[in-house]
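model-v7.csv (CSV, C-alpha atoms (C1' of nucleotides)) appears below.
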```
chain,number,residue,atom,x,y,z
A,29,MET,CA,66.5,130.7,115.0
A,30,ALA,CA,66.8,127.0,115.7
A,31,ILE,CA,65.2,124.4,113.5
A,32,SER,CA,61.7,123.7,114.6
A,33,ASN,CA,60.5,120.3,115.6
A,34,ASP,CA,58.0,120.1,112.7
A,35,LEU,CA,60.6,121.1,110.0
A,36,LEU,CA,62.9,118.4,111.5
A,37,ARG,CA,60.2,115.7,111.5
A,38,GLY,CA,61.0,112.9,109.1
A,39,HIS,CA,64.6,114.0,108.7
A,40,THR,CA,66.1,112.8,112.0
A,41,GLU,CA,66.9,109.3,110.8
A,42,THR,CA,68.5,110.5,107.6
A,43,ILE,CA,70.6,112.9,109.5
A,44,ILE,CA,71.8,110.2,112.0
A,45,LEU,CA,72.5,107.8,109.1
A,46,ALA,CA,74.6,110.5,107.4
A,47,GLN,CA,76.7,110.6,110.5
A,48,LEU,CA,77.0,106.8,110.8
A,49,LYS,CA,78.2,106.7,107.2
A,50,ASN,CA,81.4,108.4,108.5
A,51,GLY,CA,82.0,105.4,110.8
A,52,ASP,CA,80.6,103.7,113.9
A,53,ASN,CA,79.7,106.2,116.6
A,54,TYR,CA,77.7,106.5,119.8
A,55,GLY,CA,74.7,108.7,120.6
A,56,TYR,CA,76.2,111.5,122.5
A,57,GLU,CA,79.0,112.2,120.0
A,58,ILE,CA,76.6,111.9,117.1
A,59,SER,CA,74.4,114.5,118.8
A,60,LYS,CA,77.4,116.8,119.3
A,61,ALA,CA,78.5,116.3,115.7
A,62,ILE,CA,75.1,117.3,114.4
A,63,GLU,CA,75.1,120.3,116.7
A,64,THR,CA,78.5,121.4,115.4
A,65,LEU,CA,77.6,120.7,111.7
A,66,SER,CA,74.5,122.8,112.0
A,67,MET,CA,76.3,125.5,113.8
A,68,GLY,CA,74.1,125.1,116.8
A,69,GLN,CA,70.9,125.3,114.9
A,70,LEU,CA,69.9,121.7,115.5
A,71,VAL,CA,70.3,120.2,118.9
A,72,LEU,CA,68.5,116.8,119.0
A,73,LYS,CA,66.8,116.2,122.3
A,74,ASP,CA,67.8,113.1,124.2
A,75,ALA,CA,64.4,111.5,123.8
A,76,THR,CA,64.4,112.2,120.0
A,77,LEU,CA,67.8,110.8,119.6
A,78,TYR,CA,67.4,107.6,121.5
A,79,THR,CA,63.9,106.8,120.3
A,80,ALA,CA,65.3,107.2,116.8
A,81,PHE,CA,68.1,104.7,117.5
A,82,ARG,CA,65.6,102.2,118.9
A,83,ARG,CA,63.3,102.6,115.9
A,84,MET,CA,66.1,102.4,113.4
A,85,GLU,CA,67.6,99.3,115.0
A,86,GLN,CA,64.2,97.6,115.0
A,87,SER,CA,63.7,98.4,111.4
A,88,GLY,CA,67.2,97.1,110.6
A,89,LEU,CA,68.8,100.4,109.5
A,90,ILE,CA,71.5,100.1,112.2
A,91,GLU,CA,73.1,97.7,114.6
A,92,SER,CA,74.5,98.4,118.0
A,93,TYR,CA,77.1,97.0,120.4
A,94,TRP,CA,78.5,98.2,123.7
A,95,GLY,CA,81.9,100.0,123.6
A,96,ASP,CA,84.6,98.2,125.6
A,97,GLY,CA,86.1,101.3,127.1
A,98,ASP,CA,86.3,101.1,130.9
A,99,ALA,CA,86.7,104.8,131.2
A,100,GLY,CA,83.7,107.0,131.7
A,101,ALA,CA,80.0,106.1,131.2
A,102,ARG,CA,79.3,103.2,129.0
A,103,ARG,CA,78.8,103.9,125.4
A,104,ARG,CA,76.6,102.1,122.9
A,105,TYR,CA,78.0,102.2,119.5
A,106,TYR,CA,75.9,102.1,116.3
A,107,ARG,CA,76.8,100.8,112.9
A,108,ILE,CA,74.9,101.5,109.7
A,109,THR,CA,73.7,98.4,107.8
A,110,ASP,CA,73.3,97.8,104.1
A,111,ALA,CA,69.6,98.5,104.5
A,112,GLY,CA,70.5,101.7,106.3
A,113,ARG,CA,72.7,102.8,103.4
A,114,ASN,CA,70.0,102.2,100.9
A,115,PHE,CA,67.5,104.0,103.1
A,116,TYR,CA,69.9,106.9,103.4
A,117,GLU,CA,70.6,107.1,99.7
A,118,ASN,CA,66.9,107.1,98.9
A,119,ASN,CA,66.1,109.7,101.5
A,120,LYS,CA,69.0,111.9,100.3
A,121,THR,CA,67.8,111.8,96.7
A,122,ASN,CA,64.2,112.3,97.8
A,123,TRP,CA,65.1,115.3,99.9
A,124,PHE,CA,66.8,117.2,97.1
A,125,GLU,CA,63.9,116.6,94.8
A,126,THR,CA,61.4,117.5,97.5
A,127,ALA,CA,63.3,120.6,98.5
A,128,GLU,CA,63.1,121.8,94.9
A,129,ILE,CA,59.4,121.3,94.7
A,130,LEU,CA,58.8,122.8,98.2
A,131,LYS,CA,60.7,125.9,97.2
A,132,ASN,CA,58.3,126.5,94.4
A,133,LEU,CA,55.3,125.8,96.6
A,134,ILE,CA,56.5,128.1,99.4
A,135,LEU,CA,57.2,130.8,96.9
A,136,GLY,CA,53.7,130.2,95.6
A,137,GLY,CA,54.2,130.7,91.9
A,138,LYS,CA,52.3,133.5,90.1
A,139,LYS,CA,54.8,136.4,90.2
A,140,ASN,CA,52.3,139.3,89.8
A,141,ALA,CA,48.9,138.1,91.0
A,142,ASP,CA,46.2,140.7,91.2
A,143,ARG,CA,43.1,138.6,91.3
A,144,THR,CA,40.4,140.5,93.1
A,145,LEU,CA,38.5,137.4,93.6
B,10,MET,CA,57.8,109.8,94.0
B,11,ALA,CA,55.3,112.0,95.8
B,12,ILE,CA,56.2,114.1,98.8
B,13,SER,CA,55.8,112.1,102.0
B,14,ASN,CA,53.6,113.1,104.8
B,15,ASP,CA,56.5,113.6,107.2
B,16,LEU,CA,58.5,115.8,104.8
B,17,LEU,CA,55.3,117.8,104.3
B,18,ARG,CA,54.6,118.3,108.0
B,19,GLY,CA,54.9,121.8,109.2
B,20,HIS,CA,54.9,123.2,105.6
B,21,THR,CA,51.2,122.9,104.8
B,22,GLU,CA,50.2,126.2,106.3
B,23,THR,CA,53.0,128.1,104.6
B,24,ILE,CA,52.1,126.5,101.2
B,25,ILE,CA,48.5,127.5,101.6
B,26,LEU,CA,49.3,131.0,102.6
B,27,ALA,CA,51.6,131.3,99.6
B,28,GLN,CA,48.6,130.6,97.5
B,29,LEU,CA,46.3,133.0,99.3
B,30,LYS,CA,48.9,135.7,98.8
B,31,ASN,CA,47.9,135.5,95.1
B,32,GLY,CA,44.3,136.5,96.1
B,33,ASP,CA,41.3,135.1,97.8
B,34,ASN,CA,40.5,131.6,96.9
B,35,TYR,CA,38.6,128.5,98.0
B,36,GLY,CA,39.8,125.1,99.1
B,37,TYR,CA,39.3,123.0,96.1
B,38,GLU,CA,41.0,125.4,93.7
B,39,ILE,CA,43.9,126.0,96.2
B,40,SER,CA,44.4,122.3,96.3
B,41,LYS,CA,44.4,122.0,92.5
B,42,ALA,CA,46.8,125.0,92.2
B,43,ILE,CA,49.2,123.2,94.6
B,44,GLU,CA,49.0,120.0,92.6
B,45,THR,CA,49.8,121.8,89.4
B,46,LEU,CA,52.6,123.9,90.9
B,47,SER,CA,54.2,120.8,92.3
B,48,MET,CA,53.7,118.9,89.0
B,49,GLY,CA,51.6,116.4,90.7
B,50,GLN,CA,54.1,115.6,93.5
B,51,LEU,CA,52.0,117.2,96.2
B,52,VAL,CA,48.3,116.3,96.5
B,53,LEU,CA,46.9,117.5,99.8
B,54,LYS,CA,44.3,115.2,101.2
B,55,ASP,CA,40.9,116.7,102.0
B,56,ALA,CA,41.3,116.1,105.7
B,57,THR,CA,44.7,117.8,105.7
B,58,LEU,CA,43.5,120.8,103.7
B,59,TYR,CA,40.3,121.5,105.6
B,60,THR,CA,41.8,120.9,109.1
B,61,ALA,CA,44.6,123.3,108.1
B,62,PHE,CA,42.0,126.0,107.1
B,63,ARG,CA,40.2,125.6,110.5
B,64,ARG,CA,43.4,125.7,112.4
B,65,MET,CA,44.6,128.8,110.5
B,66,GLU,CA,41.4,130.6,110.9
B,67,GLN,CA,41.3,130.0,114.6
B,68,SER,CA,44.9,131.3,114.9
B,69,GLY,CA,44.0,134.3,112.9
B,70,LEU,CA,46.1,133.7,109.8
B,71,ILE,CA,43.2,133.7,107.5
B,72,GLU,CA,39.5,134.7,107.3
B,73,SER,CA,36.7,133.1,105.4
B,74,TYR,CA,33.4,133.9,103.8
B,75,TRP,CA,30.9,132.0,101.6
B,76,GLY,CA,31.1,132.7,97.9
B,77,ASP,CA,27.9,134.1,96.4
B,78,GLY,CA,27.9,132.0,93.3
B,79,ASP,CA,24.6,130.2,92.8
B,80,ALA,CA,26.1,127.7,90.4
B,81,GLY,CA,27.6,124.5,91.6
B,82,ALA,CA,28.5,123.5,95.1
B,83,ARG,CA,28.9,126.2,97.6
B,84,ARG,CA,32.5,127.5,98.0
B,85,ARG,CA,34.1,128.9,101.1
B,86,TYR,CA,36.6,131.6,100.2
B,87,TYR,CA,39.7,132.4,102.3
B,88,ARG,CA,41.5,135.6,102.7
B,89,ILE,CA,45.0,136.0,104.2
B,90,THR,CA,45.2,138.4,107.1
B,91,ASP,CA,48.1,140.6,108.1
B,92,ALA,CA,49.1,138.1,110.8
B,93,GLY,CA,49.0,135.5,108.0
B,94,ARG,CA,51.3,137.6,105.9
B,95,ASN,CA,53.8,138.0,108.7
B,96,PHE,CA,53.6,134.3,109.5
B,97,TYR,CA,54.2,133.5,105.9
B,98,GLU,CA,57.2,135.8,105.5
B,99,ASN,CA,58.8,134.4,108.7
B,100,ASN,CA,58.2,130.8,107.6
B,101,LYS,CA,59.6,131.5,104.1
B,102,THR,CA,62.8,133.0,105.4
B,103,ASN,CA,63.0,130.3,108.0
B,104,TRP,CA,62.6,127.6,105.4
B,105,PHE,CA,65.4,128.8,103.2
B,106,GLU,CA,67.8,129.0,106.2
B,107,THR,CA,66.7,125.6,107.4
B,108,ALA,CA,67.0,124.0,104.0
B,109,GLU,CA,70.6,125.2,103.8
B,110,ILE,CA,71.5,123.7,107.2
B,111,LEU,CA,69.5,120.5,106.5
B,112,LYS,CA,71.4,120.1,103.3
B,113,ASN,CA,74.7,119.9,105.2
B,114,LEU,CA,73.2,117.6,107.8
B,115,ILE,CA,71.8,115.2,105.2
B,116,LEU,CA,75.1,115.2,103.4
B,117,GLY,CA,76.7,114.5,106.7
B,118,GLY,CA,79.9,116.5,106.4
B,119,LYS,CA,83.3,114.8,106.5
B,120,LYS,CA,84.0,114.0,102.9
B,121,ASN,CA,86.4,111.1,103.3
B,122,ALA,CA,85.8,109.4,106.6
B,123,ASP,CA,87.6,106.3,107.3
B,124,ARG,CA,87.3,106.0,111.0
B,125,THR,CA,87.6,102.3,111.9
B,126,LEU,CA,86.8,102.8,115.5
C,27,DC,C1',81.3,116.4,148.7
C,28,DT,C1',78.9,118.7,145.4
C,29,DC,C1',78.4,120.3,140.8
C,30,DC,C1',78.9,119.5,136.1
C,31,DA,C1',79.9,117.1,131.7
C,32,DT,C1',79.4,112.7,129.8
C,33,DA,C1',76.2,109.0,128.5
C,34,DT,C1',71.9,106.3,128.0
C,35,DA,C1',67.0,105.4,128.6
C,36,DT,C1',61.7,105.5,129.2
C,37,DC,C1',57.1,107.5,129.9
C,38,DG,C1',53.6,110.3,128.6
C,39,DT,C1',51.9,114.3,125.8
C,40,DC,C1',50.9,116.9,121.9
C,41,DT,C1',50.5,118.0,117.0
C,42,DG,C1',49.6,117.3,112.4
C,43,DA,C1',48.8,114.3,108.3
C,44,DC,C1',45.6,111.2,106.6
C,45,DG,C1',42.1,107.1,105.8
C,46,DA,C1',37.4,106.6,106.0
C,47,DT,C1',33.2,108.5,105.6
C,48,DA,C1',29.3,111.7,104.8
C,49,DT,C1',26.8,115.2,102.2
C,50,DA,C1',25.3,118.1,98.1
C,51,DT,C1',25.3,119.8,93.2
C,52,DA,C1',26.2,119.7,88.2
C,53,DT,C1',27.5,117.3,84.0
C,54,DC,C1',28.1,113.6,81.0
C,55,DA,C1',27.5,109.0,79.1
C,56,DT,C1',24.5,105.0,78.8
D,14,DA,C1',16.2,108.5,84.2
D,15,DT,C1',20.2,106.7,86.2
D,16,DG,C1',24.4,105.9,87.5
D,17,DA,C1',29.3,107.6,87.2
D,18,DT,C1',32.4,111.4,87.8
D,19,DA,C1',34.0,116.0,89.0
D,20,DT,C1',33.2,119.7,92.0
D,21,DA,C1',33.1,121.2,96.9
D,22,DT,C1',33.2,121.0,102.0
D,23,DA,C1',33.5,118.8,106.4
D,24,DT,C1',34.4,115.6,110.6
D,25,DC,C1',36.0,111.5,113.2
D,26,DG,C1',39.4,108.6,114.7
D,27,DT,C1',44.1,106.9,114.2
D,28,DC,C1',49.0,106.9,114.0
D,29,DA,C1',53.8,108.4,114.0
D,30,DG,C1',57.3,111.3,115.6
D,31,DA,C1',59.4,115.1,118.3
D,32,DC,C1',60.0,116.4,122.9
D,33,DG,C1',59.4,117.7,128.2
D,34,DA,C1',60.2,115.5,132.3
D,35,DT,C1',62.5,112.4,134.7
D,36,DA,C1',65.8,108.6,136.2
D,37,DT,C1',70.3,106.5,136.5
D,38,DA,C1',75.4,106.0,136.4
D,39,DT,C1',80.4,107.6,136.1
D,40,DG,C1',84.4,110.6,136.5
D,41,DG,C1',86.8,114.9,137.1
D,42,DA,C1',87.0,119.8,138.8
D,43,DG,C1',86.5,123.0,142.5
```
What would the structure in this file look like if it were written as structure tokens?
Amino acid sequence: MAISNDLLRGHTETIILAQLKNGDNYGYEISKAIETLSMGQLVLKDATLYTAFRRMEQSGLIESYWGDGDAGARRRYYRITDAGRNFYENNKTNWFETAEILKNLILGGKKNADRTL
Amino acid sequence: MAISNDLLRGHTETIILAQLKNGDNYGYEISKAIETLSMGQLVLKDATLYTAFRRMEQSGLIESYWGDGDAGARRRYYRITDAGRNFYENNKTNWFETAEILKNLILGGKKNADRTL
DNA sequence: CTCCATATATCGTCTGACGATATATATCAT
DNA sequence: ATGATATATATCGTCAGACGATATATGGAG
């Protein structure tokens, strides 16, 4: 059961930034790292990945530069900025708090409800 | 720090169904119950709430009927269907699994990365 | 020479959350 | 009484983000 697009929504950027915190990297490898880390449950689609990069660069969360390797297809490397680090830390904290609340909401409270109406 | 719209996305229906599992109820009270249960962190907007009801009724997750109370504004009550229960159980399980994976993804793995690249 | 993995990129579509707005009733303060 | 506030439901239009489809380029395996 893979992670659905709607449950992913809003998390993509944070997940990518989490990878970039480990050092500069390029799209394809970030994508593979995420796939591995999620044990195959999350495979970001190309369109999702690259639109996220663009968006994040425009909003100053990351910077990019072309890799100088001659071998293979050209790679565009991304580097996390200070703004990106702040954004990441905020989202991380936010997620843990949200997850706790969401857990309660999804469980629904009220252990033994018997309301007839 | 309230729950952002994007983190909410995809969870609304599950959260509403969790409430209806406690017995038939109407929109306004469901909304208040969610607000209380989340300690004010999640306040579903009217538009979100009522579009969700419509969507869910059309897809057979819930059924509705007008309350017969003469007092106050008319209330439309909702009842969870069998399909709704299945949907809820699936989403609940799915969420707990997804949350676990998402936790790893957001933390990003690789404790002490020092890749210069 | 063709197929596949690597690698990046854009266009257009669809879905779901929400701001704005409308409508109606009951209660409470002025 | 009159206007504000809480209760209660509903729709329209907008916006953002995930993704299917598609395009392009390279290098190695068969």
*With a cut-off of 7 Å and counting only C-alpha atoms (C1' of nucleotides), select all residues of chain B in contact with chain D and give the selection as a PyMOL selection string.*
chain B and resi 37+82-84
*Taking all atoms listed in the file into account, what are the residues of chain A at most 12 Å from chain C, put as a PyMOL selection string?*
chain A and resi 33-35+37+54-60+74-79+81-82+94-95+99-105
*For atom CA of Ser73 of chain B and atom CA of Met48 of chain B, quote the distance in Å rounded to one decimal.*
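Interatomic distance, atom CA of Ser73 of chain B to atom CA of Met48 of chain B: 27.6 Å.
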Please, which residues in chain A fall within 6 Å of chain B when counting all atoms listed in the file, and what is the closest atom pair and distance in Å to one decimal for each, ordered by chain then residue number, as a tab-separated table?
```
residue	atom	partner	partner_atom	distance
A:Asp34	CA	B:Gly19	CA	5.0
A:Leu35	CA	B:Gly19	CA	5.8
A:Gly38	CA	B:Asp15	CA	4.9
A:Ile43	CA	B:Ile115	CA	5.0
A:Ala46	CA	B:Gly117	CA	4.6
A:Gln47	CA	B:Gly117	CA	5.4
A:Asn50	CA	B:Ala122	CA	4.9
A:Gly51	CA	B:Arg124	CA	5.3
A:Ser66	CA	B:Ile110	CA	5.7
A:Ile129	CA	B:Ser47	CA	5.7
A:Leu133	CA	B:Ile24	CA	5.6
A:Ile134	CA	B:Ile24	CA	5.0
A:Gly136	CA	B:Ala27	CA	4.6
A:Ala141	CA	B:Asn31	CA	5.0
A:Arg143	CA	B:Gly32	CA	5.4
A:Leu145	CA	B:Asp33	CA	5.5
```
*atom CA of Tyr106 of chain A and atom CA of Ser87 of chain A, how far apart in Å?*
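One can read the atom CA of Ser87 of chain A to atom CA of Tyr106 of chain A distance as 13.7 Å.
Atom CA of Ile71 of chain B sits 9.1 Å away from atom CA of Arg94 of chain B.
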